[in-house]
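Before any comments, here is the structure.
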Amino acid sequence: MRAAGRPAVAALPPEERIVAIDAIRGSALFGVLIVNLITEFRVSIFQQFVGSAPGHGVDDAVERAIALGFESKAFSLFSLLFGVGLAIQYERLSHGGRALYWLARRLLVLLALGLVHLLFIWNGDILTEYAIAGLCVLPLLLLRPAQLAVAALALLAMYVAGPAVDTISWPTLIELRAHVAAANAVYARGSLAEVWRFSLHELPLILPLHLFVFPRTLALLVFGMFLWRVGYLKRADRPAPGTALAAAVCIIAGGALTAVDAGGSLRGAYGPALSVLAPVILALGYGAALLALAELPASARVLAVFAPLGRMAFTNYLLQSVVLAFIFFGYGFGRFGRMGAASAFALGVALYVIQLVLSGWWLRRYRYGPIEWLWRTLMYGAAQPMRRAALA
């Protein structure tokens, strides 16, 4: 008999998790970290839209490599995995009934935690968007796989059509240049209160960026749900035949489109659509390649190293924000606008390796990361067992 006041459902036991999916999530988190570090913590996110003076050759090469290899791709892969997670949770919670109710609670807790991150730690937060997107697509979990596929394609078409429709109000170049100059002054030298006020002031400028990619987030969430529903990822350590071929096709096609777009050759009626579609195709290629590697014993053992970081992705993502904010903002070391891309990349690799080690150490002792535990506890309305000894 369960204790009074405890829910009939509880968090997924760690031993039931799919290692390959956690490993892919942990790998994707590296791309998220590097993109955030190079394009948002180190300089203003709007710097890319106003141009900058040529820098050191190595720094330019690193910025270009990050733009071509990771920018938009890491977030796309992370969005796909978030949709997979929703489908996994829905399937498991359906056995106890009221699955949509519990998932809505889960997403509302994520929204609350995301808003704390957005408003008080760093305004580059993506958790709030994921929570809102999750709530939007939640009813689609009731659909059949074929219907999910149609919904995903429709949402992706909406995203691809975005540049042609262009109904979003973008700031003018003069406004962006003035804002970048103000950001360089406040973020590099401001006090905690000054940085916080300026961060809130930036939100209306950042909102159009989220509105532009929101259909992509929705599409990838639904596509992730579809992949789980058709059984493609239920044995992620033994992916379906054709995964390696799909990886090769997507990486070659997405990489070619990305390279052509970087050279300014994607023009004509379909140029803008192909430009925004290229990162999605490449991200799907990355995911398929990691799945194919999970099938090989040698590479599977290497990938498994990243699984603890993926299991604690929520904690690690927030910790990255706290650490990088202190390094770059004026109330800490004030390195905003003063660190080259190559040095920032090295910093990101070091931070990622530290988190990799700490995640493994933590999960040998505890079932969940600290924020993952809080998330589950608030969702279920009852404290979840934390120490591994509590499983006995």
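Following the order of the structure tokens, first chain is A, next is B, and so on, with residues numbered from 1 inside each chain and ligands from 1 in the order they appear.
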
For Ala151 of chain A: contacts at 12 Å, only C-alpha atoms, fewer than 3 positions along chain excluded, given as a list in words: Val137, Pro139, Leu140, Leu141, Leu143, Arg144, Pro145, Ala146, Gln147, Leu148, Ala154, Leu155, Leu156, Ala157, Met158, Pro215, Arg216, Leu218, Ala219, Leu220, Leu221, Val222, Phe223, Gly224, Met225 and Phe226 of chain A

Test item: residues at most 8 Å from Val160 of chain A, only C-alpha atoms, excluding those fewer than 5 positions along its chain, as a list in words: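 Counting only C-alpha atoms, the residues come to Pro272, Ala273, Leu274, Val276 and Leu277 of chain A.
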
Given the selection you just returned, output its residues as a file containing N, CA and C atoms, formatted as a PDB file, in the first residue's frame.
```
ATOM      1  N   PRO A 272      16.321  31.189 -48.833  1.00  0.00           N
ATOM      2  CA  PRO A 272      16.056  31.380 -47.400  1.00  0.00           C
ATOM      3  C   PRO A 272      15.513  30.127 -46.726  1.00  0.00           C
ATOM      4  N   ALA A 273      14.658  29.386 -47.419  1.00  0.00           N
ATOM      5  CA  ALA A 273      14.095  28.166 -46.840  1.00  0.00           C
ATOM      6  C   ALA A 273      15.182  27.126 -46.617  1.00  0.00           C
ATOM      7  N   LEU A 274      16.044  26.940 -47.597  1.00  0.00           N
ATOM      8  CA  LEU A 274      17.132  25.964 -47.458  1.00  0.00           C
ATOM      9  C   LEU A 274      18.118  26.396 -46.389  1.00  0.00           C
ATOM     10  N   VAL A 276      17.490  27.962 -43.504  1.00  0.00           N
ATOM     11  CA  VAL A 276      17.017  27.631 -42.163  1.00  0.00           C
ATOM     12  C   VAL A 276      16.829  26.128 -41.986  1.00  0.00           C
ATOM     13  N   LEU A 277      16.678  25.392 -43.108  1.00  0.00           N
ATOM     14  CA  LEU A 277      16.492  23.944 -43.029  1.00  0.00           C
ATOM     15  C   LEU A 277      17.816  23.211 -42.855  1.00  0.00           C
TER      16      LEU A 277
END
```

One-decimal distance in Å that lies between atom CA of Glu295 of chain A and atom CA of Arg388 of chain A: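 Going from atom CA of Arg388 of chain A over to atom CA of Glu295 of chain A covers 28.8 Å.
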
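Closest approach to Ile18 of chain A from the set A:Val84, A:Glu372, A:Ala74, A:Ile34 is made by A:Val84, with distances taken over only C-alpha atoms.
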
One-decimal distance in Å that lies between atom CA of Ser169 of chain A and atom CA of Val213 of chain A: 13.8 Å
